[in-house]
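S.K.: File follows, query_24.txt with compact mmCIF, C-alpha atoms:
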# COMPACT_ATOMS: atom_id res chain seq x y z
CA MET Q 1 -3.27 -3.05 19.86
CA ALA Q 2 -2.18 -6.13 17.93
CA ASP Q 3 0.94 -5.86 15.81
CA LEU Q 4 -0.04 -5.70 12.12
CA SER Q 5 3.50 -5.71 10.77
CA SER Q 6 3.94 -8.18 7.94
CA ASN Q 7 6.79 -10.37 6.74
CA PHE Q 8 5.70 -11.97 3.48
CA LEU Q 9 8.49 -13.91 1.73
CA GLY Q 10 10.99 -11.83 3.70
CA ILE Q 11 9.39 -8.63 2.39
CA ARG Q 12 8.58 -6.47 5.39
CA SER Q 13 5.80 -3.90 5.54
CA PRO Q 14 4.02 -2.08 8.39
CA ASN Q 15 0.76 -3.90 7.64
CA PRO Q 16 -0.40 -6.70 5.31
CA PHE Q 17 -2.49 -4.43 3.08
CA TRP Q 18 -0.89 -3.81 -0.31
CA LEU Q 19 -2.41 -2.03 -3.27
CA ALA Q 20 -2.88 -4.51 -6.11
CA SER Q 21 -1.44 -3.93 -9.56
CA ALA Q 22 -4.06 -1.70 -11.18
CA PRO Q 23 -4.79 1.96 -12.04
CA PRO Q 24 -4.12 3.11 -8.42
CA THR Q 25 -0.48 1.97 -8.81
CA ASP Q 26 0.07 3.35 -12.29
CA LYS Q 27 2.59 6.01 -11.34
CA ALA Q 28 4.67 7.47 -8.54
CA TYR Q 29 2.12 10.18 -7.74
CA ASN Q 30 -0.54 7.62 -6.82
CA VAL Q 31 1.78 5.30 -4.91
CA ASN Q 32 3.27 8.17 -2.91
CA ARG Q 33 -0.23 9.27 -1.90
CA ALA Q 34 -1.06 5.70 -0.90
CA PHE Q 35 2.05 5.36 1.27
CA GLU Q 36 1.37 8.72 2.87
CA ALA Q 37 -2.11 7.41 3.76
CA GLY Q 38 -0.59 4.34 5.42
CA TRP Q 39 -0.70 1.45 2.94
CA GLY Q 40 1.82 -1.27 3.69
CA GLY Q 41 2.89 -1.86 0.11
CA ALA Q 42 2.03 -1.65 -3.56
CA VAL Q 43 2.36 -3.80 -6.64
CA TRP Q 44 3.19 -1.48 -9.54
CA LYS Q 45 0.82 -1.56 -12.50
CA THR Q 46 1.91 -4.31 -14.88
CA LEU Q 47 5.03 -3.54 -16.91
CA GLY Q 48 5.69 -4.85 -20.40
CA GLU Q 49 8.19 -4.45 -23.18
CA ASP Q 50 8.62 -1.26 -25.18
CA PRO Q 51 6.96 0.16 -27.17
CA PRO Q 52 4.10 0.44 -24.64
CA ILE Q 53 0.60 -0.69 -25.53
CA VAL Q 54 -2.20 1.81 -26.31
CA ASN Q 55 -5.30 1.90 -24.12
CA VAL Q 56 -8.72 3.03 -25.33
CA SER Q 57 -9.57 6.69 -24.80
CA GLY Q 58 -13.13 6.17 -23.67
CA PRO Q 59 -15.13 4.26 -21.09
CA ARG Q 60 -12.88 1.65 -19.47
CA TYR Q 61 -15.07 0.76 -16.50
CA GLY Q 62 -18.53 -0.59 -15.94
CA ALA Q 63 -20.17 -1.10 -12.56
CA ILE Q 64 -22.91 -3.11 -10.91
CA HIS Q 65 -24.65 -1.25 -8.08
CA SER Q 66 -26.77 -2.32 -5.15
CA ASN Q 67 -30.17 -0.72 -4.67
CA GLU Q 68 -28.40 1.86 -2.50
CA ARG Q 69 -26.08 2.77 -5.41
CA ARG Q 70 -23.12 1.07 -3.74
CA VAL Q 71 -20.60 -0.43 -6.15
CA ILE Q 72 -20.58 -4.20 -5.70
CA GLY Q 73 -18.76 -5.11 -8.90
CA PHE Q 74 -16.42 -3.42 -11.40
CA ASN Q 75 -15.60 -4.41 -14.95
CA ASN Q 76 -12.59 -2.93 -16.71
CA ILE Q 77 -11.08 -3.20 -20.18
CA GLU Q 78 -7.87 -1.35 -19.33
CA LEU Q 79 -4.66 -3.07 -20.36
CA ILE Q 80 -1.22 -3.02 -18.75
CA THR Q 81 0.77 0.22 -18.41
CA ASP Q 82 0.74 2.48 -21.45
CA ARG Q 83 3.73 4.47 -20.20
CA PRO Q 84 7.31 3.92 -21.43
CA LEU Q 85 9.26 1.29 -19.50
CA ALA Q 86 12.12 3.71 -18.76
CA LEU Q 87 9.73 6.16 -17.08
CA ASN Q 88 8.21 3.42 -14.93
CA LEU Q 89 11.65 2.20 -13.88
CA GLU Q 90 12.77 5.69 -12.95
CA GLU Q 91 9.70 6.18 -10.74
CA LEU Q 92 10.01 2.73 -9.17
CA ARG Q 93 13.59 3.53 -8.17
CA GLN Q 94 12.62 6.86 -6.62
CA VAL Q 95 9.59 5.52 -4.73
CA LYS Q 96 11.59 2.68 -3.19
CA LYS Q 97 14.31 5.12 -2.18
CA ASP Q 98 11.76 7.43 -0.56
CA TRP Q 99 9.81 4.65 1.19
CA PRO Q 100 12.31 1.97 2.28
CA ASP Q 101 9.92 0.56 4.91
CA ARG Q 102 7.14 -0.18 2.41
CA ALA Q 103 6.81 -3.19 0.14
CA LEU Q 104 7.21 -2.32 -3.53
CA LEU Q 105 6.80 -5.01 -6.15
CA ALA Q 106 6.69 -4.91 -9.94
CA SER Q 107 3.99 -6.73 -11.84
CA VAL Q 108 5.29 -7.94 -15.18
CA MET Q 109 3.77 -9.44 -18.33
CA LEU Q 110 6.19 -10.62 -21.00
CA PRO Q 111 6.01 -12.77 -24.15
CA MET Q 112 6.56 -16.50 -23.97
CA ASN Q 113 10.20 -16.44 -24.97
CA GLU Q 114 13.12 -16.67 -22.58
CA GLN Q 115 15.06 -13.79 -24.08
CA ALA Q 116 12.37 -11.27 -23.13
CA TRP Q 117 12.60 -12.41 -19.49
CA ALA Q 118 16.40 -12.44 -19.57
CA THR Q 119 16.40 -8.83 -20.75
CA CYS Q 120 13.61 -7.29 -18.67
CA ILE Q 121 13.79 -9.03 -15.28
CA PRO Q 122 17.33 -7.81 -14.31
CA MET Q 123 16.56 -4.34 -15.65
CA ILE Q 124 13.44 -4.02 -13.51
CA GLU Q 125 15.04 -5.58 -10.45
CA ASP Q 126 17.85 -3.02 -10.62
CA THR Q 127 15.40 -0.37 -9.41
CA GLY Q 128 15.56 -1.88 -5.91
CA ILE Q 129 12.11 -3.47 -5.88
CA ASP Q 130 11.32 -6.11 -3.26
CA GLY Q 131 9.86 -8.68 -5.61
CA PHE Q 132 8.03 -9.55 -8.81
CA GLU Q 133 4.44 -10.53 -9.48
CA LEU Q 134 3.96 -12.40 -12.75
CA ASN Q 135 0.64 -11.39 -14.28
CA PHE Q 136 -0.80 -14.62 -15.67
CA GLY Q 137 -4.34 -13.52 -14.98
CA CYS Q 138 -5.50 -10.58 -17.10
CA PRO Q 139 -8.44 -11.97 -19.15
CA HIS Q 140 -8.81 -9.26 -21.78
CA GLY Q 141 -6.71 -7.61 -24.45
CA MET Q 142 -3.37 -9.06 -23.46
CA SER Q 143 -4.68 -12.63 -23.52
CA GLU Q 144 -5.49 -12.08 -27.18
CA ARG Q 145 -1.77 -11.40 -27.64
CA GLY Q 146 -0.76 -14.69 -26.03
CA MET Q 147 -0.10 -13.27 -22.56
CA GLY Q 148 -2.06 -12.80 -19.33
CA ALA Q 149 -4.79 -15.42 -18.90
CA ALA Q 150 -3.66 -17.14 -22.11
CA VAL Q 151 -0.62 -18.23 -20.07
CA GLY Q 152 -2.49 -18.66 -16.80
CA GLN Q 153 -4.90 -21.18 -18.29
CA VAL Q 154 -2.11 -23.53 -19.41
CA PRO Q 155 -0.16 -25.08 -16.51
CA ASP Q 156 2.82 -25.93 -18.71
CA TYR Q 157 3.15 -22.28 -19.75
CA ILE Q 158 2.88 -21.17 -16.11
CA ARG Q 159 5.69 -23.49 -15.07
CA MET Q 160 7.87 -22.46 -18.03
CA ALA Q 161 7.49 -18.71 -17.55
CA THR Q 162 7.94 -19.03 -13.78
CA GLU Q 163 11.19 -20.92 -14.34
CA TRP Q 164 12.43 -18.11 -16.59
CA ALA Q 165 11.56 -15.48 -14.00
CA LYS Q 166 13.26 -17.41 -11.22
CA LYS Q 167 16.31 -17.96 -13.40
CA PHE Q 168 16.95 -14.24 -13.81
CA ALA Q 169 15.49 -12.78 -10.59
CA ARG Q 170 17.18 -12.60 -7.20
CA VAL Q 171 14.15 -11.26 -5.34
CA PRO Q 172 10.98 -13.29 -4.56
CA VAL Q 173 8.64 -14.17 -7.42
CA ILE Q 174 4.87 -14.32 -6.93
CA VAL Q 175 2.65 -15.87 -9.60
CA LYS Q 176 -0.74 -14.18 -10.04
CA LEU Q 177 -3.35 -16.75 -11.03
CA THR Q 178 -6.43 -16.35 -13.19
CA PRO Q 179 -9.83 -17.47 -11.89
CA ASN Q 180 -10.93 -18.21 -15.45
CA VAL Q 181 -10.26 -21.92 -15.05
CA ALA Q 182 -12.33 -24.91 -14.01
CA ASN Q 183 -9.91 -25.90 -11.23
CA ILE Q 184 -7.40 -23.58 -9.57
CA LEU Q 185 -5.16 -26.39 -8.34
CA PRO Q 186 -3.35 -27.32 -11.61
CA PRO Q 187 -2.19 -23.71 -12.18
CA ALA Q 188 -1.09 -23.40 -8.54
CA ILE Q 189 0.77 -26.71 -8.70
CA ALA Q 190 2.45 -25.59 -11.92
CA ALA Q 191 3.55 -22.32 -10.31
CA ALA Q 192 5.05 -24.22 -7.39
CA ALA Q 193 6.79 -26.63 -9.80
CA GLY Q 194 8.31 -23.66 -11.61
CA GLY Q 195 9.81 -22.40 -8.36
CA ALA Q 196 7.32 -19.67 -7.44
CA ASP Q 197 7.86 -18.28 -3.96
CA ALA Q 198 4.12 -17.59 -3.62
CA VAL Q 199 0.89 -17.21 -5.55
CA SER Q 200 -1.56 -14.33 -5.57
CA LEU Q 201 -5.22 -14.66 -6.48
CA ILE Q 202 -7.62 -13.94 -7.85
CA ASN Q 203 -7.16 -11.81 -10.89
CA THR Q 204 -10.29 -10.55 -12.63
CA ILE Q 205 -13.09 -12.71 -14.05
CA ASN Q 206 -14.05 -12.59 -17.73
CA SER Q 207 -17.28 -10.63 -18.03
CA ILE Q 208 -19.67 -8.42 -19.94
CA MET Q 209 -21.66 -6.08 -17.72
CA ARG Q 210 -24.82 -5.19 -19.66
CA VAL Q 211 -26.25 -3.52 -22.73
CA ASP Q 212 -27.21 0.10 -23.38
CA TYR Q 213 -31.00 0.03 -23.11
CA ASP Q 214 -31.46 2.86 -25.61
CA THR Q 215 -29.20 1.64 -28.40
CA LEU Q 216 -29.24 -2.08 -27.51
CA THR Q 217 -25.48 -2.23 -27.92
CA MET Q 218 -22.95 -3.48 -25.42
CA TYR Q 219 -22.09 -1.15 -22.53
CA PRO Q 220 -19.54 0.29 -22.04
CA ALA Q 221 -18.52 0.71 -25.65
CA THR Q 222 -15.82 2.47 -27.64
CA ASP Q 223 -17.17 4.07 -30.80
CA GLY Q 224 -20.09 1.66 -30.83
CA LEU Q 225 -18.20 -1.55 -30.08
CA GLY Q 226 -17.36 -3.22 -26.78
CA SER Q 227 -15.26 -6.12 -25.55
CA HIS Q 228 -15.25 -8.49 -22.60
CA GLY Q 229 -13.34 -7.22 -19.58
CA GLY Q 230 -12.21 -8.19 -16.11
CA TYR Q 231 -14.73 -8.35 -13.25
CA CYS Q 232 -13.68 -7.50 -9.69
CA GLY Q 233 -14.96 -6.04 -6.45
CA PRO Q 234 -17.05 -7.35 -3.51
CA ALA Q 235 -19.13 -9.59 -5.78
CA VAL Q 236 -16.12 -11.81 -6.65
CA LYS Q 237 -14.97 -12.33 -3.05
CA PRO Q 238 -16.70 -15.73 -2.53
CA ILE Q 239 -15.00 -17.08 -5.66
CA ALA Q 240 -11.66 -15.79 -4.46
CA LEU Q 241 -12.09 -17.28 -0.99
CA HIS Q 242 -12.92 -20.68 -2.46
CA MET Q 243 -9.79 -20.69 -4.60
CA VAL Q 244 -7.56 -19.45 -1.78
CA ALA Q 245 -8.90 -22.16 0.55
CA GLU Q 246 -8.43 -24.88 -2.09
CA ILE Q 247 -4.74 -24.03 -2.42
CA ALA Q 248 -4.30 -23.69 1.35
CA ARG Q 249 -5.76 -27.14 2.10
CA HIS Q 250 -4.60 -29.25 -0.85
CA PRO Q 251 -1.65 -31.56 -0.06
CA GLU Q 252 0.31 -30.55 -3.18
CA THR Q 253 0.00 -26.82 -2.53
CA ARG Q 254 -0.38 -26.66 1.25
CA GLY Q 255 2.33 -24.41 2.62
CA LEU Q 256 2.62 -22.33 -0.57
CA PRO Q 257 2.36 -18.69 0.61
CA ILE Q 258 -0.74 -16.88 -0.68
CA SER Q 259 -1.46 -13.21 -1.31
CA GLY Q 260 -5.24 -12.89 -1.22
CA ILE Q 261 -7.06 -10.66 -3.70
CA GLY Q 262 -10.72 -10.20 -4.52
CA GLY Q 263 -13.24 -7.73 -3.10
CA ILE Q 264 -11.48 -6.82 0.15
CA THR Q 265 -13.38 -3.77 1.38
CA ASP Q 266 -13.43 -3.91 5.18
CA TRP Q 267 -11.71 -5.71 8.07
CA ARG Q 268 -14.13 -8.64 7.91
CA ASP Q 269 -13.00 -9.38 4.37
CA ALA Q 270 -9.40 -9.31 5.57
CA VAL Q 271 -10.22 -11.77 8.36
CA ASP Q 272 -11.90 -14.10 5.84
CA PHE Q 273 -8.87 -14.20 3.55
CA LEU Q 274 -6.34 -14.58 6.35
CA ALA Q 275 -8.29 -17.28 8.19
CA LEU Q 276 -8.70 -19.23 4.95
CA GLY Q 277 -4.98 -19.32 4.23
CA ALA Q 278 -3.74 -16.01 2.82
CA SER Q 279 -0.89 -14.35 4.69
CA ASN Q 280 -0.86 -11.14 2.67
CA LEU Q 281 -3.69 -9.02 1.24
CA GLN Q 282 -4.07 -6.93 -1.91
CA VAL Q 283 -6.76 -4.33 -2.51
CA CYS Q 284 -7.85 -2.49 -5.64
CA THR Q 285 -11.59 -1.85 -6.13
CA ALA Q 286 -12.14 -0.48 -2.62
CA ALA Q 287 -9.39 2.09 -3.17
CA MET Q 288 -10.91 3.05 -6.52
CA VAL Q 289 -14.35 3.51 -4.96
CA TYR Q 290 -13.48 5.07 -1.58
CA GLY Q 291 -9.95 6.44 -1.97
CA PHE Q 292 -6.73 5.62 -0.17
CA ARG Q 293 -7.93 6.67 3.31
CA ILE Q 294 -9.91 3.43 3.53
CA ILE Q 295 -6.66 1.95 4.81
CA ASP Q 296 -7.48 3.46 8.23
CA ASP Q 297 -10.66 1.38 8.50
CA LEU Q 298 -8.86 -1.74 7.29
CA THR Q 299 -5.98 -1.57 9.75
CA ASP Q 300 -8.01 -0.34 12.72
CA GLY Q 301 -10.71 -2.95 12.22
CA LEU Q 302 -8.26 -5.83 11.79
CA ALA Q 303 -6.23 -4.78 14.84
CA ARG Q 304 -9.36 -4.54 16.99
CA PHE Q 305 -10.51 -7.98 15.84
CA LEU Q 306 -7.16 -9.53 16.75
CA ASP Q 307 -7.30 -7.82 20.14
CA ALA Q 308 -10.78 -9.19 20.77
CA LYS Q 309 -9.54 -12.69 19.96
CA GLY Q 310 -6.48 -12.35 22.18
CA MET Q 311 -4.14 -12.54 19.19
CA THR Q 312 -1.02 -10.40 19.06
CA SER Q 313 -0.15 -10.73 15.36
CA ILE Q 314 -1.73 -11.65 12.03
CA SER Q 315 0.32 -14.84 11.90
CA GLU Q 316 -1.92 -16.26 14.64
CA LEU Q 317 -4.96 -15.80 12.38
CA VAL Q 318 -3.51 -17.13 9.12
CA GLY Q 319 -5.08 -20.45 8.17
CA ARG Q 320 -7.21 -20.83 11.31
CA ALA Q 321 -10.32 -21.72 9.29
CA VAL Q 322 -8.62 -24.03 6.79
CA PRO Q 323 -9.17 -27.25 8.83
CA SER Q 324 -12.92 -26.58 8.74
CA VAL Q 325 -13.01 -26.65 4.92
CA THR Q 326 -13.71 -30.11 3.51
CA ASP Q 327 -15.36 -31.93 0.62
CA TRP Q 328 -19.14 -32.30 0.67
CA LYS Q 329 -18.90 -36.07 1.11
CA PHE Q 330 -17.38 -35.58 4.57
CA LEU Q 331 -20.23 -33.44 5.94
CA ASN Q 332 -22.18 -34.86 8.90
CA LEU Q 333 -25.56 -35.88 7.50
CA ASN Q 334 -26.84 -36.58 11.01
CA TYR Q 335 -26.41 -32.98 12.15
CA VAL Q 336 -29.66 -31.00 12.29
CA GLU Q 337 -30.40 -27.28 12.71
CA LYS Q 338 -33.74 -25.49 12.88
CA ALA Q 339 -34.52 -21.83 12.27
CA HIS Q 340 -35.78 -19.71 15.16
CA ILE Q 341 -37.49 -16.30 14.89
CA ASP Q 342 -36.99 -13.78 17.70
CA GLN Q 343 -40.43 -12.24 18.05
CA GLU Q 344 -38.99 -9.21 19.85
CA LEU Q 345 -36.94 -8.31 16.78
CA CYS Q 346 -39.42 -9.35 14.10
CA ILE Q 347 -40.83 -6.37 12.14
CA LYS Q 348 -43.47 -8.58 10.47
CA CYS Q 349 -42.35 -7.78 6.94
CA GLY Q 350 -43.16 -11.33 5.84
CA ARG Q 351 -40.14 -11.91 3.65
CA CYS Q 352 -39.20 -15.11 5.46
CA HIS Q 353 -42.68 -16.54 4.96
CA ILE Q 354 -42.83 -15.59 1.29
CA VAL Q 355 -39.49 -17.10 0.32
CA CYS Q 356 -40.07 -20.23 2.38
CA GLU Q 357 -43.55 -20.64 0.92
CA ASP Q 358 -42.53 -20.02 -2.69
CA ALA Q 359 -38.98 -21.30 -2.89
CA SER Q 360 -38.35 -23.58 0.04
CA HIS Q 361 -40.23 -25.93 2.40
CA GLN Q 362 -43.37 -24.11 3.58
CA ALA Q 363 -42.01 -24.08 7.11
CA ILE Q 364 -42.95 -20.56 8.29
CA THR Q 365 -46.46 -19.47 9.26
CA ASP Q 366 -47.92 -16.07 8.48
CA MET Q 367 -50.88 -16.33 10.85
CA VAL Q 368 -51.20 -17.72 14.39
CA ASP Q 369 -54.57 -17.68 16.18
CA GLY Q 370 -55.92 -15.27 13.58
CA LYS Q 371 -53.08 -12.78 14.04
CA ARG Q 372 -50.19 -11.90 11.73
CA ARG Q 373 -47.28 -13.80 13.22
CA PHE Q 374 -44.31 -15.58 11.69
CA GLU Q 375 -43.18 -18.75 13.39
CA VAL Q 376 -41.10 -21.71 12.26
CA ILE Q 377 -42.86 -25.05 11.86
CA ASP Q 378 -40.13 -27.35 13.17
CA ALA Q 379 -41.60 -30.42 11.54
CA GLU Q 380 -41.14 -28.87 8.09
CA CYS Q 381 -37.92 -26.87 8.62
CA VAL Q 382 -34.87 -28.48 7.00
CA GLY Q 383 -32.43 -25.86 8.29
CA CYS Q 384 -31.62 -24.48 4.83
CA ASN Q 385 -30.89 -20.95 6.18
CA LEU Q 386 -32.79 -19.18 3.38
CA CYS Q 387 -34.98 -17.25 5.81
CA THR Q 388 -31.94 -16.05 7.75
CA SER Q 389 -30.31 -14.90 4.51
CA VAL Q 390 -33.24 -12.73 3.37
CA CYS Q 391 -34.37 -11.32 6.71
CA PRO Q 392 -33.68 -7.55 6.77
CA VAL Q 393 -33.18 -7.48 10.56
CA GLU Q 394 -29.79 -8.77 11.68
CA GLY Q 395 -30.11 -11.41 14.38
CA CYS Q 396 -33.88 -11.75 14.10
CA ILE Q 397 -33.70 -15.26 12.62
CA SER Q 398 -31.03 -17.62 13.87
CA MET Q 399 -30.18 -21.26 13.36
CA ARG Q 400 -30.30 -23.51 16.44
CA PRO Q 401 -28.51 -26.86 16.44
CA LEU Q 402 -30.64 -29.74 17.65
CA ARG Q 403 -29.54 -30.94 21.09
CA GLU Q 404 -29.26 -34.57 22.11
CA GLY Q 405 -32.64 -35.89 23.05
CA GLU Q 406 -34.61 -33.64 20.68
CA ASP Q 407 -36.68 -34.98 17.83
CA PRO Q 408 -34.97 -34.05 14.53
CA ARG Q 409 -38.36 -33.39 12.89
CA THR Q 410 -40.11 -31.38 15.59
CA GLY Q 411 -37.26 -30.04 17.70
CA ARG Q 412 -39.11 -31.20 20.82
CA PRO Q 413 -37.76 -33.61 23.48
CA VAL Q 414 -38.39 -37.29 22.83
CA THR Q 415 -38.90 -40.15 25.26
CA ALA Q 416 -35.98 -42.00 26.82
CA GLU Q 417 -36.15 -44.92 24.40
CA LYS Q 418 -35.71 -42.53 21.46
CA LEU Q 419 -32.79 -40.47 22.74
CA ASN Q 420 -30.60 -41.80 19.90
CA TRP Q 421 -32.09 -39.39 17.39
CA THR Q 422 -29.70 -40.51 14.66
CA ALA Q 423 -31.80 -43.65 14.38
CA HIS Q 424 -35.13 -41.98 15.13
CA PRO Q 425 -37.80 -42.89 12.53
CA ASN Q 426 -38.55 -39.19 12.00
CA ASN Q 427 -34.92 -38.34 11.20
CA PRO Q 428 -35.07 -36.98 7.61
CA MET Q 429 -31.51 -38.25 7.09
CA ARG Q 430 -32.19 -41.79 8.39
CA LYS Q 431 -32.14 -43.41 4.94
CA GLN Q 432 -28.62 -42.10 4.44
CA THR Q 433 -27.45 -43.47 7.80
CA ASP Q 434 -29.11 -46.92 7.72
In structure tokens, write the structure found in this file.

M.R.:
Amino acid sequence: MADLSSNFLGIRSPNPFWLASAPPTDKAYNVNRAFEAGWGGAVWKTLGEDPPIVNVSGPRYGAIHSNERRVIGFNNIELITDRPLALNLEELRQVKKDWPDRALLASVMLPMNEQAWATCIPMIEDTGIDGFELNFGCPHGMSERGMGAAVGQVPDYIRMATEWAKKFARVPVIVKLTPNVANILPPAIAAAAGGADAVSLINTINSIMRVDYDTLTMYPATDGLGSHGGYCGPAVKPIALHMVAEIARHPETRGLPISGIGGITDWRDAVDFLALGASNLQVCTAAMVYGFRIIDDLTDGLARFLDAKGMTSISELVGRAVPSVTDWKFLNLNYVEKAHIDQELCIKCGRCHIVCEDASHQAITDMVDGKRRFEVIDAECVGCNLCTSVCPVEGCISMRPLREGEDPRTGRPVTAEKLNWTAHPNNPMRKQTD
């Protein structure tokens, strides 16, 4: 099978899957179990100065479930480590000694003064860790203390703190970016300007999950009161992919190594992140929902995918999709697709007809010759893909590109004098091409 070994910033690990800084990496017990299961690396739960902070002793997590009770989003209000720094350092040292072939990084969050970095960075590095991850992303609790996302939302602060870390660290420094910004590029550019060896993203998204329907108070709550937390899991993956791709394709950040984070649950998610520019992967929510053995599915699935594509290593996949990402203004307005329903697969549930009738372009029949039958009306179909998205049968509805010589309104062949369908009078995009 394909070789999954990873070399990220000179940090070697048997595979690109690292546990992200979070509750699963809070202590040696957890990290040892993860490495025994086969994880390639771990980023230790964020360290801070002594005395350690105090976490709430009550509900820290909220979840959004699918109709099948599958967790699709997590919210947490947990802060950085609440264990003494000396204890964390002792365990870091022992874990790295016991697992020399695994990547072990320390996530850190320190005040915005150089002396704190001058004191803590060498002390933490002395444990033998492979690198640092600067937590400029946490949106709750710590941001109210002038750290976390409070730094990550101000490019000047990102550059300044990164410069301090690089000044006192000898190992690679990764800057973890917050998604709670309008544009991810200024923070990424600032990290690069400060000397960051790489960026990791995304951290969690500011969120409130819901209310308690009996008491009509926020849920979860601590003694009747709640606070905004960080949202993660499969539901945030599209946001993460967008931000990863923006950094991977932008001229000022292109070439900056990326550790991708955000909803990675199976091998397909890994392929998405790698193809869109990440060269390393971090996982948290999936491990919290399914346990550490999920690593078997991740590595086996990714290796099989690479084999099927004739690739021998993950480096051949990294960034492959980036050239296909562009700005909307560069999209081909003369390209036309039409939906097609496979009648052999159709279960006649009618969802495609209902959504097209109510929310789209009235382009799908529900009756043909007096019988219940769902067919696409080519003349009305604009190729929006809504029907494909809601159909419960995979592969039943597909999108077919219009071939040369086909009428862009009807999908049927046109006469010889109208073969240039870009200029055809029925082309719905003609006004934009004239």

S.K.: Excluding range 256-266 of chain Q and its own-chain neighbours fewer than 4 positions away, which residues fall within 6 Å of it when counting only C-alpha atoms? Please give them as number ranges by chain.

M.R.: Q: 198-202, 233-234, 237, 240, 278-283, 286, 298

S.K.: Ile295 in chain Q: which residues within 12 Å, counting only C-alpha atoms, same-chain residues fewer than 3 positions away excluded, as a ChimeraX atom specification?

M.R.: /Q:14-19,33-41,264-267,270,281-284,286-287,290-292,298-302

S.K.: Using all atoms listed in the file, list the residues that have an atom at most 9 Å from (-28.1, -27.1, 13.0), coordinates as in the file, as a list in words.

M.R.: Tyr335, Val336, Glu337, Lys338, Ala339, Gly383, Met399, Arg400, Pro401 and Leu402 of chain Q

S.K.: For the selection you just gave me, I'd like the residues written to a file as an mmCIF file, in the coordinates of the input, keeping C-alpha atoms.

M.R.:
data_model
loop_
_atom_site.group_PDB
_atom_site.id
_atom_site.type_symbol
_atom_site.label_atom_id
_atom_site.label_comp_id
_atom_site.auth_asym_id
_atom_site.auth_seq_id
_atom_site.Cartn_x
_atom_site.Cartn_y
_atom_site.Cartn_z
ATOM 1 C CA TYR Q 335 -26.410 -32.980 12.150
ATOM 2 C CA VAL Q 336 -29.660 -31.000 12.290
ATOM 3 C CA GLU Q 337 -30.400 -27.280 12.710
ATOM 4 C CA LYS Q 338 -33.740 -25.490 12.880
ATOM 5 C CA ALA Q 339 -34.520 -21.830 12.270
ATOM 6 C CA GLY Q 383 -32.430 -25.860 8.290
ATOM 7 C CA MET Q 399 -30.180 -21.260 13.360
ATOM 8 C CA ARG Q 400 -30.300 -23.510 16.440
ATOM 9 C CA PRO Q 401 -28.510 -26.860 16.440
ATOM 10 C CA LEU Q 402 -30.640 -29.740 17.650
#

S.K.: If we count all atoms listed in the file, what is near Glu344 in chain Q at a cut-off of 12 Å, once residues fewer than 6 positions away on the same chain are taken out, given as a list in words?

M.R.: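 With the cut-off at 12 Å, the set is Arg373, Phe374, Val393, Gly395, Cys396 and Ile397 of chain Q.
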
S.K.: Which value, in Å to one decimal, gives the distance between CA of Asp26 in chain Q and CA of Lys45 in chain Q?

M.R.: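 It comes out at 5.0 Å.
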
S.K.: Need the shell around range 203-205 of chain Q: protein/DNA/RNA residues with any atom at most 7 Å away, counting all atoms listed in the file. Skip same-chain ones fewer than 6 positions apart. Format as a PyMOL selection string?

M.R.: chain Q and resi 137-139+176-180+230-232

S.K.: If I put a ball of radius 6 Å at (-38.0, -16.6, 8.1) in the file's coordinates, which residues poke into it when counting only C-alpha atoms, written as a VMD selection string?

M.R.: chain Q and resid 352 to 353 387

S.K.: For Trp44 in chain Q, please output as a list in words all residues within 6 Å (counting all atoms listed in the file; exclusion window: fewer than 6 positions along the same chain).

M.R.: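 Neighbouring residues, sequence-local ones excluded: Ser21, Thr25, Ala106 and Ser107 of chain Q.
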
S.K.: Between CA of Ile124 in chain Q and CA of Arg102 in chain Q, measure the distance and give it in Å to one decimal.

M.R.: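 Distance reported for this atom pair: 17.5 Å.
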
S.K.: Would you work out the distance separating CA of Met142 in chain Q from CA of Ile80 in chain Q, expressed in Å to one decimal?

M.R.: 8.0 Å

S.K.: Which one is closest to Ser5 in chain Q: Q:Thr312, Q:Val71, Q:Ala118, Q:Phe273? Count only C-alpha atoms.

M.R.: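 Closest to Ser5 in chain Q, using only C-alpha atoms: Q:Thr312.
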
S.K.: Report, as lines of an AutoDock Vina configuration file, the centre and edge lengths in Å (one decimal) of the axis-aligned box enclosing every listed atom of range 244-248 of chain Q, padded by 8 Å on each side.

M.R.:
center_x = -6.6
center_y = -22.2
center_z = -0.5
size_x = 20.6
size_y = 21.4
size_z = 19.8

S.K.: I'd like to know which of Q:Asp214, Q:Glu406, Q:Glu90, Q:Asp369 is closest to Thr127 in chain Q, using all atoms listed in the file.

M.R.: Q:Glu90

S.K.: My list of candidates is Q:Asn32, Q:Thr215, Q:Asn332, Q:Thr222. Which is closest to Lys97 in chain Q when distances are computed with only C-alpha atoms?

M.R.: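 For Lys97 in chain Q, the nearest of the candidates is Q:Asn32.
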
S.K.: Go through Q:Cys120, Q:Val181, Q:Ala275, Q:Leu225 one by one, measure the shortest atom-to-atom distance of each to Pro59 in chain Q using only C-alpha atoms, and give the residue with the smallest value.

M.R.: Q:Leu225

S.K.: Which residue out of Q:Arg93, Q:Lys166, Q:Lys371, Q:Arg83 has the minimum interatomic distance to Pro51 in chain Q when only C-alpha atoms are used?

M.R.: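 Answer, going by the shortest atom-to-atom distance: Q:Arg83.
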
S.K.: Counting all atoms listed in the file, which residue out of Q:Glu78, Q:Glu404, Q:Asp197, Q:Asp130 sits closest to Gly229 in chain Q?

M.R.: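 Result for the nearest residue to Gly229 in chain Q: Q:Glu78.
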